[in-house]
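Participant: File name coords23.txt; file contents compact mmCIF, C-alpha atoms; full text below.
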```txt
# COMPACT_ATOMS: atom_id res chain seq x y z
CA MET W 23 -42.32 -72.44 -112.42
CA GLY W 24 -38.66 -71.76 -113.16
CA GLU W 25 -38.92 -68.31 -111.56
CA ASN W 26 -40.40 -69.83 -108.37
CA LYS W 27 -37.55 -72.37 -108.22
CA VAL W 28 -34.93 -69.64 -108.54
CA GLU W 29 -36.71 -67.54 -105.95
CA SER W 30 -36.84 -70.53 -103.58
CA GLN W 31 -33.12 -71.18 -104.04
CA PHE W 32 -32.36 -67.54 -103.40
CA THR W 33 -34.48 -67.54 -100.24
CA THR W 34 -32.69 -70.67 -98.98
CA MET W 35 -29.28 -69.13 -99.65
CA PHE W 36 -30.31 -65.94 -97.87
CA HIS W 37 -31.50 -67.88 -94.80
CA CYS W 38 -28.21 -69.82 -94.71
CA PHE W 39 -26.23 -66.60 -94.92
CA PHE W 40 -28.36 -65.08 -92.15
CA ILE W 41 -27.82 -68.09 -89.88
CA ILE W 42 -24.05 -68.04 -90.47
CA MET W 43 -23.82 -64.31 -89.74
CA ASN W 44 -25.77 -64.72 -86.52
CA PHE W 45 -23.48 -67.57 -85.51
CA PHE W 46 -20.43 -65.34 -85.87
CA LEU W 47 -22.14 -62.51 -84.02
CA LEU W 48 -23.02 -64.83 -81.13
CA CYS W 49 -19.44 -66.09 -81.02
CA PHE W 50 -17.66 -62.77 -81.18
CA ALA W 51 -20.01 -59.97 -80.23
CA SER W 52 -19.28 -60.51 -76.52
CA ASP W 53 -15.57 -59.74 -76.97
CA PRO W 54 -15.13 -56.17 -75.68
CA PHE W 55 -12.53 -54.92 -78.14
CA PRO W 56 -12.84 -51.13 -78.15
CA PRO W 57 -11.41 -48.85 -80.82
CA TYR W 58 -7.62 -48.86 -80.89
CA ASP W 59 -5.85 -45.62 -81.70
CA ALA W 60 -3.10 -46.96 -83.93
CA TYR W 61 -4.91 -49.70 -85.80
CA SER W 62 -7.98 -51.89 -85.85
CA TYR W 63 -8.15 -55.20 -84.03
CA GLY W 64 -7.80 -58.39 -85.97
CA SER W 65 -5.38 -57.05 -88.57
CA ASP W 66 -1.70 -56.35 -88.83
CA PRO W 67 -1.00 -52.89 -87.42
CA LEU W 68 -0.04 -49.93 -89.52
CA PRO W 69 2.89 -48.00 -88.08
CA SER W 70 1.79 -44.65 -86.73
CA ASP W 71 4.00 -42.56 -88.99
CA GLY W 72 2.22 -43.65 -92.12
CA TYR W 73 4.66 -45.92 -93.92
CA LYS W 74 3.07 -49.01 -95.33
CA TYR W 75 3.25 -52.23 -93.33
CA GLY W 76 5.23 -54.84 -95.18
CA SER W 77 7.00 -52.53 -97.59
CA ASP W 78 9.91 -50.82 -95.88
CA PRO W 79 12.94 -52.77 -94.67
CA LEU W 80 14.55 -52.20 -91.31
CA PRO W 81 18.05 -51.01 -92.22
CA SER W 82 19.79 -52.53 -89.20
CA ASP W 83 19.02 -56.18 -89.82
CA GLY W 84 17.14 -56.55 -93.07
CA TYR W 85 13.74 -57.44 -91.58
CA LYS W 86 10.67 -56.07 -93.18
CA TYR W 87 7.57 -54.94 -91.34
CA GLY W 88 6.08 -58.36 -91.88
CA TYR W 89 7.17 -61.83 -90.92
CA PRO W 90 10.94 -62.11 -90.47
CA LYS W 91 12.76 -65.36 -91.00
CA PRO W 92 12.79 -67.54 -87.87
CA VAL W 93 15.90 -67.29 -85.74
CA ASP W 94 17.32 -70.73 -85.06
CA TYR W 95 18.45 -71.65 -81.56
CA ALA W 96 19.96 -74.85 -80.25
CA TYR W 97 16.69 -75.93 -78.67
CA GLY W 98 14.30 -74.80 -81.37
CA PRO W 99 13.38 -71.77 -83.45
CA LEU W 100 11.56 -68.59 -82.57
CA ASP W 101 8.96 -67.63 -85.14
CA VAL W 102 6.37 -64.88 -85.40
CA LYS W 103 3.81 -67.55 -86.33
CA PHE W 104 4.60 -69.75 -83.32
CA TYR W 105 1.11 -69.46 -81.78
CA ASP W 106 -0.93 -69.06 -84.97
CA ARG W 107 -2.60 -72.44 -84.50
CA SER W 108 -2.24 -73.08 -80.77
CA CYS W 109 -3.46 -69.64 -79.63
CA PRO W 110 -4.81 -67.62 -82.58
CA ARG W 111 -6.51 -65.02 -80.37
CA LEU W 112 -3.29 -64.14 -78.55
CA PRO W 113 -2.61 -60.85 -80.43
CA MET W 114 -6.10 -59.51 -79.67
CA ILE W 115 -5.89 -60.51 -76.00
CA ILE W 116 -2.55 -58.70 -75.64
CA LYS W 117 -3.81 -55.61 -77.46
CA TYR W 118 -6.96 -55.35 -75.40
CA GLY W 119 -5.12 -56.02 -72.13
CA MET W 120 -2.68 -53.23 -72.83
CA TRP W 121 -5.40 -50.86 -74.03
CA ALA W 122 -7.45 -51.45 -70.88
CA ALA W 123 -4.45 -50.99 -68.59
CA ALA W 124 -3.30 -47.80 -70.30
CA LYS W 125 -6.82 -46.40 -70.21
CA ASP W 126 -6.73 -46.59 -66.42
CA ASP W 127 -3.08 -45.55 -66.01
CA THR W 128 -1.33 -43.48 -68.69
CA ARG W 129 2.09 -44.43 -67.27
CA ILE W 130 1.59 -48.12 -68.05
CA PRO W 131 3.09 -48.15 -71.58
CA ALA W 132 6.40 -46.76 -70.33
CA SER W 133 6.33 -49.11 -67.33
CA ILE W 134 5.81 -52.20 -69.49
CA LEU W 135 8.56 -51.17 -71.88
CA ARG W 136 10.95 -50.78 -68.93
CA LEU W 137 9.80 -54.08 -67.41
CA HIS W 138 10.71 -55.86 -70.65
CA PHE W 139 14.12 -54.16 -70.77
CA HIS W 140 14.89 -55.13 -67.17
CA ASP W 141 13.83 -58.71 -67.84
CA CYS W 142 15.99 -59.16 -70.95
CA PHE W 143 19.14 -57.66 -69.42
CA VAL W 144 19.19 -60.18 -66.59
CA ASN W 145 19.93 -63.68 -67.93
CA GLY W 146 17.84 -63.09 -71.05
CA CYS W 147 14.18 -62.53 -71.97
CA ASP W 148 12.83 -65.37 -69.84
CA GLY W 149 10.22 -63.73 -67.61
CA SER W 150 12.46 -64.10 -64.56
CA ILE W 151 11.71 -60.55 -63.39
CA LEU W 152 8.07 -61.57 -62.92
CA LEU W 153 8.83 -64.25 -60.32
CA ASP W 154 8.17 -63.72 -56.63
CA GLU W 155 10.89 -64.69 -54.18
CA THR W 156 10.88 -68.20 -52.76
CA ASP W 157 12.91 -70.14 -50.21
CA ASP W 158 15.10 -71.30 -53.11
CA PHE W 159 16.08 -67.93 -54.61
CA LYS W 160 16.02 -64.18 -54.08
CA GLY W 161 14.05 -62.69 -56.94
CA GLU W 162 14.75 -59.72 -59.17
CA LYS W 163 11.78 -57.66 -58.00
CA ASN W 164 13.71 -56.57 -54.90
CA ALA W 165 16.99 -55.83 -56.64
CA PHE W 166 18.03 -52.21 -56.19
CA PRO W 167 17.23 -51.10 -59.79
CA ASN W 168 13.73 -52.63 -59.52
CA ARG W 169 12.63 -52.17 -55.91
CA ASN W 170 9.80 -49.64 -55.54
CA SER W 171 10.53 -48.60 -59.11
CA VAL W 172 9.62 -51.16 -61.77
CA ARG W 173 5.86 -51.40 -62.33
CA GLY W 174 3.39 -53.35 -64.45
CA TYR W 175 3.63 -56.81 -62.91
CA ASP W 176 -0.13 -56.87 -62.36
CA VAL W 177 -0.82 -55.90 -65.97
CA ILE W 178 1.16 -58.88 -67.29
CA GLU W 179 -0.45 -61.18 -64.73
CA ASN W 180 -3.93 -60.03 -65.77
CA ILE W 181 -3.16 -60.57 -69.44
CA LYS W 182 -1.71 -64.00 -68.61
CA ALA W 183 -4.97 -64.95 -66.85
CA GLN W 184 -6.95 -64.09 -69.99
CA VAL W 185 -4.52 -65.99 -72.18
CA GLU W 186 -4.80 -69.03 -69.91
CA LYS W 187 -8.58 -69.01 -70.33
CA ALA W 188 -8.20 -69.06 -74.11
CA CYS W 189 -5.09 -71.27 -74.41
CA PRO W 190 -4.16 -73.10 -71.18
CA LEU W 191 -0.44 -73.77 -70.61
CA THR W 192 0.45 -72.65 -74.12
CA VAL W 193 1.89 -69.13 -74.08
CA SER W 194 4.86 -68.20 -71.91
CA CYS W 195 4.97 -65.15 -69.67
CA ALA W 196 8.19 -64.18 -71.45
CA ASP W 197 6.36 -64.01 -74.78
CA ILE W 198 3.44 -62.12 -73.25
CA LEU W 199 5.79 -59.50 -71.81
CA THR W 200 7.64 -59.18 -75.12
CA LEU W 201 4.40 -58.68 -77.05
CA ALA W 202 3.06 -56.28 -74.42
CA ALA W 203 6.18 -54.13 -74.73
CA ARG W 204 5.59 -53.83 -78.47
CA GLU W 205 1.96 -52.88 -77.86
CA ALA W 206 3.09 -50.31 -75.28
CA VAL W 207 5.13 -48.51 -77.92
CA VAL W 208 2.41 -48.70 -80.57
CA LEU W 209 -0.20 -47.44 -78.09
CA SER W 210 2.02 -44.42 -77.48
CA GLY W 211 2.29 -43.63 -81.18
CA GLY W 212 5.57 -45.43 -81.85
CA PRO W 213 6.58 -48.02 -84.46
CA TYR W 214 5.37 -51.56 -84.87
CA TRP W 215 7.84 -54.44 -85.24
CA PRO W 216 7.47 -58.20 -85.71
CA VAL W 217 7.89 -60.18 -82.49
CA GLN W 218 9.38 -63.65 -82.83
CA LEU W 219 7.73 -66.07 -80.42
CA GLY W 220 8.39 -69.39 -78.74
CA ARG W 221 10.21 -68.27 -75.58
CA ARG W 222 9.94 -70.39 -72.46
CA ASP W 223 9.80 -69.19 -68.87
CA SER W 224 12.70 -69.51 -66.47
CA LEU W 225 12.56 -71.65 -63.34
CA THR W 226 14.46 -69.16 -61.20
CA ALA W 227 15.51 -65.54 -60.85
CA SER W 228 18.54 -63.71 -59.45
CA GLU W 229 18.60 -60.55 -57.37
CA GLN W 230 22.40 -60.47 -57.61
CA ALA W 231 22.36 -60.67 -61.41
CA ALA W 232 19.86 -57.81 -61.57
CA ASN W 233 22.05 -55.67 -59.34
CA GLU W 234 25.09 -56.39 -61.48
CA HIS W 235 23.73 -56.39 -65.03
CA LEU W 236 21.18 -53.58 -65.19
CA PRO W 237 22.55 -50.20 -66.33
CA SER W 238 22.34 -47.34 -63.85
CA PRO W 239 21.31 -43.76 -64.73
CA ILE W 240 24.51 -42.48 -63.09
CA GLU W 241 26.93 -44.92 -64.73
CA PRO W 242 29.50 -43.71 -67.27
CA LEU W 243 28.60 -44.33 -70.89
CA GLU W 244 31.45 -46.82 -71.30
CA ASN W 245 30.06 -48.97 -68.45
CA ILE W 246 26.58 -48.93 -69.95
CA THR W 247 27.99 -49.81 -73.37
CA ALA W 248 29.85 -52.77 -71.84
CA LYS W 249 26.62 -54.10 -70.30
CA PHE W 250 24.90 -53.82 -73.66
CA ALA W 251 27.79 -55.63 -75.35
CA THR W 252 27.52 -58.49 -72.86
CA ASN W 253 24.01 -59.02 -74.20
CA GLY W 254 25.02 -58.87 -77.85
CA LEU W 255 23.95 -55.27 -78.37
CA ASP W 256 26.24 -52.64 -79.88
CA PHE W 257 26.89 -48.94 -79.34
CA LYS W 258 24.16 -47.92 -81.74
CA ASP W 259 21.68 -49.99 -79.72
CA VAL W 260 22.69 -48.00 -76.62
CA VAL W 261 21.71 -44.73 -78.29
CA VAL W 262 18.61 -46.12 -79.98
CA LEU W 263 17.15 -47.92 -76.96
CA SER W 264 17.84 -44.88 -74.76
CA GLY W 265 15.19 -43.28 -76.97
CA GLY W 266 12.64 -45.33 -75.05
CA HIS W 267 12.93 -42.53 -72.50
CA THR W 268 10.71 -40.48 -74.78
CA ILE W 269 7.85 -41.76 -72.59
CA GLY W 270 7.55 -42.21 -68.84
CA PHE W 271 8.81 -40.68 -65.63
CA ALA W 272 11.81 -40.99 -63.32
CA GLN W 273 11.96 -40.70 -59.54
CA CYS W 274 13.87 -37.71 -58.22
CA PHE W 275 16.54 -39.79 -56.52
CA THR W 276 17.73 -41.07 -59.93
CA PHE W 277 18.83 -37.60 -61.07
CA LYS W 278 18.85 -35.36 -57.99
CA GLY W 279 22.64 -35.39 -57.89
CA ARG W 280 22.65 -33.40 -61.14
CA LEU W 281 20.60 -30.68 -59.48
CA PHE W 282 22.63 -30.03 -56.35
CA ASN W 283 25.85 -32.03 -56.13
CA PHE W 284 26.95 -33.24 -59.54
CA GLN W 285 29.74 -35.83 -59.17
CA ASN W 286 30.38 -34.56 -55.60
CA SER W 287 31.28 -31.08 -56.87
CA GLY W 288 28.80 -29.33 -54.59
CA ARG W 289 27.28 -27.70 -57.68
CA PRO W 290 24.65 -28.59 -60.31
CA ASP W 291 25.56 -30.32 -63.55
CA PRO W 292 26.96 -27.53 -65.78
CA THR W 293 25.53 -29.18 -68.90
CA LEU W 294 21.94 -28.88 -67.66
CA ASP W 295 19.96 -25.98 -69.10
CA ASN W 296 19.41 -23.25 -66.47
CA SER W 297 15.66 -23.07 -66.98
CA ALA W 298 15.33 -26.84 -66.75
CA LEU W 299 17.54 -26.84 -63.64
CA SER W 300 15.31 -24.31 -61.91
CA ASN W 301 12.13 -26.23 -62.76
CA LEU W 302 13.57 -29.54 -61.61
CA GLN W 303 14.84 -28.08 -58.34
CA GLY W 304 11.27 -26.98 -57.71
CA VAL W 305 9.94 -30.48 -58.36
CA CYS W 306 12.76 -32.23 -56.50
CA PRO W 307 13.98 -30.05 -53.62
CA ASN W 308 17.16 -31.17 -51.89
CA LYS W 309 15.31 -33.14 -49.22
CA VAL W 310 14.99 -36.86 -48.61
CA GLU W 311 11.20 -36.50 -48.75
CA SER W 312 11.36 -35.66 -52.45
CA ASN W 313 13.25 -38.80 -53.48
CA ASN W 314 10.20 -40.63 -54.78
CA LYS W 315 8.58 -37.71 -56.55
CA LEU W 316 8.28 -38.02 -60.31
CA ALA W 317 9.51 -35.94 -63.22
CA PRO W 318 8.84 -36.66 -66.91
CA LEU W 319 11.74 -38.08 -68.90
CA ASP W 320 10.57 -36.03 -71.88
CA THR W 321 8.89 -32.80 -70.84
CA THR W 322 7.96 -31.93 -74.43
CA SER W 323 5.73 -34.95 -75.14
CA THR W 324 5.59 -37.07 -72.00
CA SER W 325 3.14 -39.73 -73.19
CA LYS W 326 3.90 -39.71 -76.92
CA PHE W 327 6.51 -41.99 -78.42
CA ASP W 328 8.47 -39.72 -80.75
CA ASN W 329 11.98 -38.43 -81.42
CA LEU W 330 11.80 -35.33 -79.21
CA TYR W 331 13.88 -37.10 -76.57
CA TYR W 332 16.87 -36.53 -78.86
CA THR W 333 15.94 -32.89 -79.44
CA ASN W 334 15.90 -32.46 -75.67
CA LEU W 335 19.42 -33.85 -75.44
CA MET W 336 20.62 -31.38 -78.07
CA ASN W 337 19.03 -28.59 -76.03
CA ASN W 338 20.70 -29.80 -72.81
CA VAL W 339 17.44 -30.69 -71.11
CA GLY W 340 17.87 -34.47 -70.88
CA LEU W 341 16.71 -35.64 -67.46
CA LEU W 342 19.04 -38.51 -66.57
CA GLU W 343 22.79 -38.15 -66.37
CA SER W 344 23.20 -41.23 -68.56
CA ASP W 345 20.95 -39.66 -71.21
CA GLN W 346 22.66 -36.28 -71.41
CA ALA W 347 26.05 -38.04 -71.39
CA LEU W 348 25.33 -39.17 -74.97
CA MET W 349 26.08 -35.62 -76.11
CA ALA W 350 29.60 -35.79 -74.66
CA ASP W 351 30.56 -38.65 -76.98
CA ASN W 352 31.11 -37.68 -80.62
CA LYS W 353 29.79 -40.93 -82.06
CA ALA W 354 26.70 -40.91 -79.84
CA ALA W 355 26.09 -37.21 -80.46
CA ALA W 356 26.10 -37.81 -84.22
CA LEU W 357 23.40 -40.45 -83.81
CA VAL W 358 21.41 -38.16 -81.50
CA ASN W 359 21.55 -35.46 -84.16
CA SER W 360 20.39 -37.90 -86.86
CA TYR W 361 17.43 -39.13 -84.83
CA SER W 362 16.49 -35.60 -83.80
CA ASN W 363 16.25 -34.61 -87.46
CA ASP W 364 14.70 -37.81 -88.81
CA PRO W 365 11.84 -39.37 -86.82
CA ARG W 366 11.38 -42.04 -89.45
CA LEU W 367 14.98 -43.19 -89.06
CA PHE W 368 14.53 -43.38 -85.30
CA SER W 369 11.39 -45.50 -85.73
CA TYR W 370 13.22 -47.90 -88.05
CA ASP W 371 16.24 -48.28 -85.80
CA PHE W 372 14.26 -48.51 -82.57
CA ALA W 373 12.16 -51.33 -84.02
CA ALA W 374 15.29 -53.17 -85.16
CA SER W 375 16.99 -52.80 -81.77
CA MET W 376 13.89 -54.05 -79.98
CA VAL W 377 13.89 -57.17 -82.14
CA LYS W 378 17.54 -57.75 -81.17
CA MET W 379 16.91 -57.14 -77.49
CA GLY W 380 13.87 -59.41 -77.46
CA ASN W 381 16.04 -62.32 -78.60
CA ILE W 382 18.63 -62.06 -75.80
CA GLY W 383 19.25 -65.36 -74.01
CA VAL W 384 15.86 -66.91 -74.70
CA LEU W 385 14.85 -70.36 -73.50
CA THR W 386 13.20 -72.56 -76.12
CA GLY W 387 12.19 -76.15 -76.80
CA GLU W 388 12.30 -78.20 -73.60
CA GLN W 389 14.14 -75.54 -71.59
CA GLY W 390 12.27 -73.87 -68.75
CA GLN W 391 8.49 -74.18 -68.69
CA ILE W 392 5.22 -72.47 -69.52
CA ARG W 393 4.10 -71.01 -66.20
CA LYS W 394 0.44 -71.03 -65.19
CA LYS W 395 0.97 -67.79 -63.30
CA CYS W 396 3.79 -65.42 -64.10
CA ALA W 397 4.80 -64.85 -60.47
CA LEU W 398 5.18 -68.55 -59.64
CA VAL W 399 7.05 -71.55 -60.96
CA ASN W 400 4.60 -74.41 -61.63
```
What would the structure in this file look like if it were written as structure tokens?
Facilitator:
Amino acid sequence: MGENKVESQFTTMFHCFFIIMNFFLLCFASDPFPPYDAYSYGSDPLPSDGYKYGSDPLPSDGYKYGYPKPVDYAYGPLDVKFYDRSCPRLPMIIKYGMWAAAKDDTRIPASILRLHFHDCFVNGCDGSILLDETDDFKGEKNAFPNRNSVRGYDVIENIKAQVEKACPLTVSCADILTLAAREAVVLSGGPYWPVQLGRRDSLTASEQAANEHLPSPIEPLENITAKFATNGLDFKDVVVLSGGHTIGFAQCFTFKGRLFNFQNSGRPDPTLDNSALSNLQGVCPNKVESNNKLAPLDTTSTSKFDNLYYTNLMNNVGLLESDQALMADNKAAALVNSYSNDPRLFSYDFAASMVKMGNIGVLTGEQGQIRKKCALVN
């Protein structure tokens, strides 16, 4: 009798467990989250170079690879846990959106990283670069540094649409772009860093500000450094964030002057390696028709986020004039040498600089709005 009672209780418990498991399968089995190279979905990522998440501090600002302390702003704090209750599926939606986009276009990670950079350097990380022009303002999309150059707007818009289905009018486009930039780096084999959230979207954009504030690949290092300083970034950040050029491509017109008429000398840039010069002249002949052709920023590992960008600079094969110019400055060259020899140090410092850049001029609290679509003000 007692054995039958125990058996009956066991059977009941088993049936309850079976029902619960089927409930979870019905709820979640339809979510198409494919395998992710760097880490599994639903958990905190492990950095690709093998150091343990949550254990090693970032030397530049004291954060750990875990939750940093919230940064307080006048209109409210940013916090990595900002959407934990209001949109708990946000991290998975971002990860899948970036994975799907990169699967179809291997250039997308570099494009999204650049899109984030160009957003933050123009009046802060407020999603203004995503806005289409209106009768009230000329947008940043058509500014000279962005026109027919910056890509990835559709990727962010597609991710935003999925986020809106899960959490209507909750997550800003500025936060989505910031998270997507982090995922772009991780997808490419680079470091993970904590992203503080709670940004709001701007109500306007400025073509003039984009033309004035974005660094140019042919600007002197001191000019670029000044533009970084305006945004609260220091000289080290210049060298570190330039390392983002370890992935992606550049159009020929951005560096063709180095190949044929460096600084109006009528000759190629003397610092450019002869073999690299010959190869690039083949890719980008001295004709207008070649202006929009592409060359990899890092020929050694074009799609992999690593420290070989710095090795290239030491070997005089940096693609952009502004990149190779780092070797002409003693302080910058010392950092280049350090990052070339220590990929782990580069990962640490890049993550720290991205945290700093992601907090430039953010709107919080009641400022701005949460857009329904990233290209339009509500």
Participant: Atom CA of W:Leu100 to atom CA of W:Asn253: how many Å, to one decimal?
Facilitator: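 One can read the atom CA of W:Leu100 to atom CA of W:Asn253 distance as 17.8 Å.
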Participant: For W:Glu241, which residue among W:Ser224, W:Asn329, W:Ser108, W:Ser344 is the nearest when counting all atoms listed in the file?
Facilitator: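 The closest residue to W:Glu241 is W:Ser344.
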Participant: Could you state the separation of atom CA of W:Ala232 and atom CA of W:Asn168 in Å, given to one decimal place?
Facilitator: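 Straight-line distance from atom CA of W:Ala232 to atom CA of W:Asn168 works out to 8.3 Å.
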Participant: Hey, can you check how far atom CA of W:Ile181 sits from atom CA of W:Asp101?
Facilitator: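 Result for atom CA of W:Ile181 versus atom CA of W:Asp101: 21.1 Å, one decimal.
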Participant: For stretch 389-394 of chain W, work out the shell of residues within 10 Å, counting all atoms listed in the file and skipping chain neighbours fewer than 2 positions away, then give it as a ChimeraX atom specification.
Facilitator: /W:97-98,148-149,179,182-183,185-186,190-196,221-226,384-387,396-400
Participant: W:Lys160, W:Arg280, W:His140, W:Lys187: which is nearest W:Gln230, counting all atoms listed in the file?
Facilitator: W:Lys160
Participant: Find the residues near stretch 308-323 of chain W: any atom within 6 Å, counting all atoms listed in the file, skip ones fewer than 6 places away on the same chain, and give them as a short mmCIF file (atom, residue, chain, number, x, y, z; two decimals) with C-alpha atoms, in the frame of the given file.
Facilitator:
```
data_model
loop_
_atom_site.label_atom_id
_atom_site.label_comp_id
_atom_site.auth_asym_id
_atom_site.auth_seq_id
_atom_site.Cartn_x
_atom_site.Cartn_y
_atom_site.Cartn_z
CA HIS W 267 12.93 -42.53 -72.50
CA THR W 268 10.71 -40.48 -74.78
CA GLY W 270 7.55 -42.21 -68.84
CA PHE W 271 8.81 -40.68 -65.63
CA ALA W 272 11.81 -40.99 -63.32
CA GLN W 273 11.96 -40.70 -59.54
CA CYS W 274 13.87 -37.71 -58.22
CA PHE W 275 16.54 -39.79 -56.52
CA TYR W 331 13.88 -37.10 -76.57
CA LEU W 341 16.71 -35.64 -67.46
#
```
Participant: Within 9 Å of stretch 371-383 of chain W, which residues of stretch 253-298 of chain W come that close, and what is the closest atom pair and distance in Å for each? Count all atoms listed in the file and give it as a Markdown table.
Facilitator:
```
| residue | atom | partner | partner_atom | distance |
| --- | --- | --- | --- | --- |
| W:Asn253 | CA | W:Ile382 | CA | 6.4 |
| W:Gly254 | CA | W:Ile382 | CA | 7.4 |
| W:Leu255 | CA | W:Met379 | CA | 7.3 |
| W:Lys258 | CA | W:Ser375 | CA | 8.7 |
| W:Asp259 | CA | W:Ser375 | CA | 5.8 |
| W:Val262 | CA | W:Phe372 | CA | 5.6 |
| W:Leu263 | CA | W:Phe372 | CA | 6.3 |
| W:Gly265 | CA | W:Phe372 | CA | 7.7 |
| W:Gly266 | CA | W:Phe372 | CA | 8.3 |
```
Participant: Create the file for the chosen residues now, containing C-alpha atoms and written as an mmCIF file, in the coordinates of the input.
Facilitator:
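Writing done, so here's out_6.cif:
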```cif
data_model
loop_
_atom_site.group_PDB
_atom_site.id
_atom_site.type_symbol
_atom_site.label_atom_id
_atom_site.label_comp_id
_atom_site.auth_asym_id
_atom_site.auth_seq_id
_atom_site.Cartn_x
_atom_site.Cartn_y
_atom_site.Cartn_z
ATOM 1 C CA ASN W 253 24.010 -59.020 -74.200
ATOM 2 C CA GLY W 254 25.020 -58.870 -77.850
ATOM 3 C CA LEU W 255 23.950 -55.270 -78.370
ATOM 4 C CA LYS W 258 24.160 -47.920 -81.740
ATOM 5 C CA ASP W 259 21.680 -49.990 -79.720
ATOM 6 C CA VAL W 262 18.610 -46.120 -79.980
ATOM 7 C CA LEU W 263 17.150 -47.920 -76.960
ATOM 8 C CA GLY W 265 15.190 -43.280 -76.970
ATOM 9 C CA GLY W 266 12.640 -45.330 -75.050
#
```
Participant: As a list of chain:residue names, please: the residues near stretch 353-368 of chain W (cut-off 7 Å, only C-alpha atoms, same-chain neighbours under 6 positions excluded).
Facilitator: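 What passes the distance filter is W:Val261, W:Asp328, W:Asn329, W:Leu330, W:Tyr332, W:Thr333.
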Participant: Counting all atoms listed in the file, find residues at most 12 Å from (-5.8, -55.0, -74.1) (file frame) and give them as a VMD selection string.
Facilitator: chain W and resid 53 to 58 63 111 to 126 130 to 131 177 to 178 180 to 182 184 to 185 198 201 to 202 205 to 206 209
Participant: With distances taken over all atoms listed in the file, which residue among W:Gly161, W:Pro99, W:Gly174, W:Pro239 lies nearest W:Thr128?
Facilitator: W:Gly174
